[in-house]
Structure formats: structure tokens, C-alpha cells
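Student: Attaching a single structure in C-alpha cells format; questions to follow.
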Amino acid sequence: MTQTLRFRASVYEGQLRQPPHAHDHPQISLVLSGRLRESVRGTDVLAGSLSVVVKDTGVMHEDEFGPGRVAVAQLSLPGGSLRDLMGTGDRTPVWHWSHHVSVASPFMRLVTRAACGATMFASDDTDVVDVLAAITSRPQTATRGAPPRWLCDARDDLRETWRAGTRVSDVATRIGVHPVYLARCFRRWYGHSVSDELRMLRQRAATDAIVAGQHTLSAVAHAAGYADEAHLNREFRNMCGVAPGRFRRLLGNVDFQDWTSGCNKRLRGFKSGRL
């Protein structure tokens with residue numbers, strides 16, 4: 001049965017902390033810019049640009065935003081359930097974060113369409129289906145079970161400290177293992193290479209800067225480690241279907257709800273290139 005998902009965009013001030021709360025409807029959210037830390041039952045996840053979370057109805061969670069403003073795009077399903085939406089039965093995640101571009105890419109296309117006026121999306125919409133499939137799919141080469149603690153720490157540290165020009169050997173040296181061993185373990189447990197992870201982090205940094213709108217695209221490309229602006233344009237267009245300049249302009253058409261200090265007020269998109 002086809003269901004309808006509602007689109008909404010929100011902005012949160014840095015240093016805002018939301019106490020434990022739950023939502024009345026299932027939600028799928030994409031971080032457009034900034035960072036946030038979300039906690040559920042003692043488990044913390046640090047998310048940044050291009051991170052996607054799925055939360056079922058009634059999941060108690062608390063959030064800490066920042067530093068700096070955080071922009072989030074969200075799909076909600078009034079009156080529905082994640083199990084029906086995803087078609088995965090008992091395997092449906094009730095709370096799950098994804099940080100891979102394969103999940104963010106179709107969601108970014110939905111944001112682009114929302115910026116052109118769409119406010120509702122059918123559950124069988126191609127981009128919606130792609131988001132749900134990416135969330136529930138498993139890496140083909142990943143080993144079952146939890147990765148070793150040192151590898152989890154290494155990946156988390158990389159995501160928090162990444163800078164343009166970071167190499168696999170830099171990560172390996174910092175944690176005290178051979179680069180080839182690190183690369184082998186990364187692919188074994190996460191289903192993609194360290195180099196893929198570094199490329200994703202570069203895309204995250206660029207997207208964050210594009211949405212923030214404080215720098216020229218040429219400066220964004222340089223800061224994120226792209227060869228030039230054309231290189232950034234190609235990669236961003238492949239990810240969300242439009243060039244970064246057009247995406248930035250389209251965001252000016254989106255109504256962002258400001259949830260700062262519990263206040264819900266609408267902001268008409270971006271003003272002077274900034275939220």
C-alpha cells in the first residue's frame with residue numbers, strides 16, 4: 001500500500017540540548033550541515049553532514065547540537081510504521097544511523113525536489129525507495145558481528161578529526177598499525193575501503209560548506225581537498241543531481257523551522273547565503 005511521507009527542514013542553534021523525548025511518527029532525517037550527538041539507551045552517535053538516521057515511533061532519544069547551527073531535512077510518516085514502510089519485518093531498525101553517501105545521495109535528491117516546491121513524497125517514489133533500500137542493505141563484503149574496539153575507535157576518530165589531505169598512512173600511524181592491515185580490516189568489517197571513507201568525509205566537508213554558504217565554491221573545493229571547483233561540481237552533481245551552486249540557491253526556497261530553545265518559528269530559507 002502506498003503511503004505518504006511529509007518533508008520538513010529544521011535548524012537548531014549550536015549548544016542546544018534536547019532532553020529525552022520521543023516522536024509520534026516514524027522519521028528519517030538527513031543532516032545537511034553541522035554536527036549533532038544523539039543518544040539512545042546509553043549509546044551515543046556523532047553525526048555530521050550527509051549522516052542519515054531512521055527512528056521509529058516512541059524511541060526515546062536526546063540530542064546535543066553544535067558547535068554552530070545545524071540544519072536537518074526530515075521525512076515523517078503520520079499514521080504509519082517503519083516495518084510497513086521498509087518491508088523488512090522483524091529486521092526493521094527502530095533506531096539506526098548511516099554515514100555512507102549511498103544513503104545520503106537519494107535523500108539529497110529529495111531535498112532538491114523539496115526546494116523546487118514538493119512537500120509530500122509517496123512511499124513508492126524512486127528516491128524514497130532508494131533511501132530505504134540503502135538504509136536496510138548490508139555491505140556485501142562485511143564480516144558478521146561487531147568490529148574490534150580499536151577499529152571502531154579509529155573510524156570514529158577519523159570522522160571527528162578529518163582534514164583535507166588526510167591519508168590512510170596517517171590514520172594507521174596514529175593508531176599504531178600497518179596501513180595495509182588497517183585497510184584490510186576496514187574492508188572486512190565495514191564493506192568499503194579506508195580510501196572510500198576518506199572520499200566520503202571529503203564530500204561531507206564540502207556539503208557542509210556548500211549549505212552554510214559562507215565561502216565561494218572555489219574556496220570550498222580547495223578547503224575540502226578537491227583538485228578544483230570543476231572536480232567538486234562533478235562529484236556533487238553525481239551525488240544529488242544538481243551542481244552545488246544551484247543547490248545552494250535552491251535552499252533559499254525552503255522554509256526552515258527554527259527549534260532553538262523550544263521555539264518553533266519559520267525561516268524563509270537562506271538569507272545572504274547563510275541560515
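By convention here, the chains of the C-alpha cells are called A, B, ... in the order presented, each chain's residues are numbered starting at 1, and ligands are numbered starting at 1 in the order presented.
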Pull the helix (DSSP H, G or I) assignments for range 28-250 of chain A out of DSSP run on the backbone, and list those residues as a PyMOL selection string.

Tutor: chain A and resi 82-86+89-91+101-115+126-136+149-161+168-175+179-190+194-212+217-224+229-240+244-250

Student: What lies within 10 Å of range 97-100 of chain A using only C-alpha atoms, ignoring chain neighbours under 4 positions off, as an NGL selection string?

Tutor: :A and (28-31 or 38 or 45-55 or 93 or 104-105 or 134-136 or 159 or 192 or 196-197 or 200-201 or 204)

Student: For the atom pair CA of Thr173 in chain A and CA of Asp44 in chain A, what is the interatomic distance in Å to one decimal place?

Tutor: 26.2 Å

Student: Rank A:Arg69, A:Arg237, A:Arg149, A:Arg6 by their smallest atom-to-atom distance to Trp189 in chain A, using only C-alpha atoms, and report the top residue only.

Tutor: A:Arg149

Student: Write down as a ChimeraX atom specification the residues belonging to range 18-81 of chain A that are assigned strand (DSSP E) by DSSP computed on the backbone.

Tutor: /A:18-21,27-33,36-40,43-47,52-55,61-65,70-76

Student: Fewer than 3 positions away in the same chain doesn't count, so skip those; otherwise give me all residues within 7 Å of Val11 in chain A, counting only C-alpha atoms, as a ChimeraX atom specification.

Tutor: /A:69-72,256-259

Student: Take the selection from the previous step and output its residues with all heavy atoms, as an mmCIF file, in the first residue's frame.

Tutor:
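And here is the file that came out, result_11.cif:
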data_model
loop_
_atom_site.group_PDB
_atom_site.id
_atom_site.type_symbol
_atom_site.label_atom_id
_atom_site.label_comp_id
_atom_site.auth_asym_id
_atom_site.auth_seq_id
_atom_site.Cartn_x
_atom_site.Cartn_y
_atom_site.Cartn_z
ATOM 1 N N ARG A 69 25.323 26.262 14.107
ATOM 2 C CA ARG A 69 23.971 25.866 13.720
ATOM 3 C C ARG A 69 23.965 24.537 12.982
ATOM 4 O O ARG A 69 24.913 24.210 12.260
ATOM 5 C CB ARG A 69 23.338 26.945 12.846
ATOM 6 C CG ARG A 69 22.669 28.060 13.642
ATOM 7 C CD ARG A 69 21.946 29.012 12.728
ATOM 8 N NE ARG A 69 20.981 29.821 13.468
ATOM 9 C CZ ARG A 69 20.131 30.658 12.905
ATOM 10 N NH1 ARG A 69 20.122 30.809 11.598
ATOM 11 N NH2 ARG A 69 19.287 31.357 13.633
ATOM 12 N N VAL A 70 22.874 23.818 13.140
ATOM 13 C CA VAL A 70 22.716 22.517 12.496
ATOM 14 C C VAL A 70 21.431 22.534 11.676
ATOM 15 O O VAL A 70 20.357 22.863 12.194
ATOM 16 C CB VAL A 70 22.651 21.383 13.541
ATOM 17 C CG1 VAL A 70 22.538 20.029 12.851
ATOM 18 C CG2 VAL A 70 23.863 21.420 14.460
ATOM 19 N N ALA A 71 21.539 22.208 10.389
ATOM 20 C CA ALA A 71 20.375 22.150 9.505
ATOM 21 C C ALA A 71 20.050 20.684 9.212
ATOM 22 O O ALA A 71 20.937 19.887 8.899
ATOM 23 C CB ALA A 71 20.645 22.895 8.202
ATOM 24 N N VAL A 72 18.770 20.343 9.315
ATOM 25 C CA VAL A 72 18.335 18.954 9.156
ATOM 26 C C VAL A 72 17.115 18.896 8.240
ATOM 27 O O VAL A 72 16.189 19.709 8.373
ATOM 28 C CB VAL A 72 17.971 18.332 10.524
ATOM 29 C CG1 VAL A 72 17.464 16.901 10.352
ATOM 30 C CG2 VAL A 72 19.173 18.357 11.470
ATOM 31 N N PHE A 256 12.704 26.768 6.683
ATOM 32 C CA PHE A 256 13.347 26.066 7.785
ATOM 33 C C PHE A 256 12.632 26.433 9.086
ATOM 34 O O PHE A 256 12.433 27.609 9.375
ATOM 35 C CB PHE A 256 14.825 26.452 7.889
ATOM 36 C CG PHE A 256 15.702 25.791 6.863
ATOM 37 C CD1 PHE A 256 15.835 26.331 5.597
ATOM 38 C CD2 PHE A 256 16.394 24.626 7.161
ATOM 39 C CE1 PHE A 256 16.642 25.729 4.639
ATOM 40 C CE2 PHE A 256 17.195 24.017 6.221
ATOM 41 C CZ PHE A 256 17.321 24.566 4.953
ATOM 42 N N GLN A 257 12.270 25.442 9.861
ATOM 43 C CA GLN A 257 11.669 25.683 11.171
ATOM 44 C C GLN A 257 12.782 25.808 12.206
ATOM 45 O O GLN A 257 13.662 24.947 12.288
ATOM 46 C CB GLN A 257 10.732 24.541 11.543
ATOM 47 C CG GLN A 257 9.498 24.483 10.663
ATOM 48 C CD GLN A 257 8.581 23.345 11.054
ATOM 49 O OE1 GLN A 257 8.966 22.191 10.969
ATOM 50 N NE2 GLN A 257 7.375 23.670 11.481
ATOM 51 N N ASP A 258 12.753 26.887 12.961
ATOM 52 C CA ASP A 258 13.773 27.148 13.968
ATOM 53 C C ASP A 258 13.296 26.601 15.311
ATOM 54 O O ASP A 258 12.326 27.087 15.888
ATOM 55 C CB ASP A 258 14.031 28.659 14.064
ATOM 56 C CG ASP A 258 15.202 28.990 14.965
ATOM 57 O OD1 ASP A 258 15.712 28.077 15.631
ATOM 58 O OD2 ASP A 258 15.600 30.164 14.995
ATOM 59 N N TRP A 259 14.003 25.589 15.826
ATOM 60 C CA TRP A 259 13.617 24.944 17.066
ATOM 61 C C TRP A 259 14.473 25.391 18.246
ATOM 62 O O TRP A 259 14.516 24.739 19.285
ATOM 63 C CB TRP A 259 13.706 23.430 16.922
ATOM 64 C CG TRP A 259 12.716 22.905 15.940
ATOM 65 C CD1 TRP A 259 12.911 22.720 14.604
ATOM 66 C CD2 TRP A 259 11.364 22.521 16.194
ATOM 67 N NE1 TRP A 259 11.766 22.245 14.007
ATOM 68 C CE2 TRP A 259 10.798 22.110 14.974
ATOM 69 C CE3 TRP A 259 10.588 22.484 17.350
ATOM 70 C CZ2 TRP A 259 9.488 21.676 14.868
ATOM 71 C CZ3 TRP A 259 9.290 22.039 17.246
ATOM 72 C CH2 TRP A 259 8.743 21.646 16.016
#

Student: Which residues come within 12 Å of Met108 in chain A, counting only C-alpha atoms, excluding same-chain residues fewer than 4 positions away, as an NGL selection string?

Tutor: :A and (29-32 or 49-52 or 72-75 or 101-104 or 112-115 or 127-128 or 130-131 or 207 or 211 or 236-244 or 247 or 251)

Student: Write out as an MDAnalysis selection string the residues lying within 9 Å of range 179-186 of chain A, counting only C-alpha atoms and excluding same-chain residues fewer than 6 positions away.

Tutor: chainID A and resid 142 147 151 155 168:173 192:195

Student: If we count only C-alpha atoms, what is near Thr43 in chain A at a cut-off of 12 Å, once residues fewer than 4 positions away on the same chain are taken out, given as a list in words?

Tutor: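 Those residues are Arg37, Glu38, Ser39, Met60, His61, Glu62, Asp63, Trp95, His96 and Trp97 of chain A.
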
Student: Residues within 7 Å of Thr57 in chain A, please, as a compact mmCIF listing (two decimals) with N, CA and C atoms, in the first residue's frame. Count only C-alpha atoms; anything in the same chain fewer than 4 positions from it doesn't count.

Tutor:
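And here is the file that came out, around08.txt:
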# COMPACT_ATOMS: atom_id res chain seq x y z
N HIS A 23 9.04 10.75 19.33
CA HIS A 23 8.16 11.33 18.32
C HIS A 23 6.93 10.44 18.10
N ASP A 24 5.86 11.06 17.65
CA ASP A 24 4.61 10.35 17.43
C ASP A 24 4.59 9.59 16.11
N HIS A 25 5.54 9.93 15.21
CA HIS A 25 5.55 9.30 13.90
C HIS A 25 6.96 8.80 13.56
N PRO A 26 7.09 7.77 12.75
CA PRO A 26 8.41 7.35 12.28
C PRO A 26 9.06 8.49 11.49

Student: Kindly indicate which residue among A:Asp124, A:Asp157, A:Glu229, A:Glu235 lies nearest to Arg174 in chain A, using only C-alpha atoms for the distances.

Tutor: A:Asp157
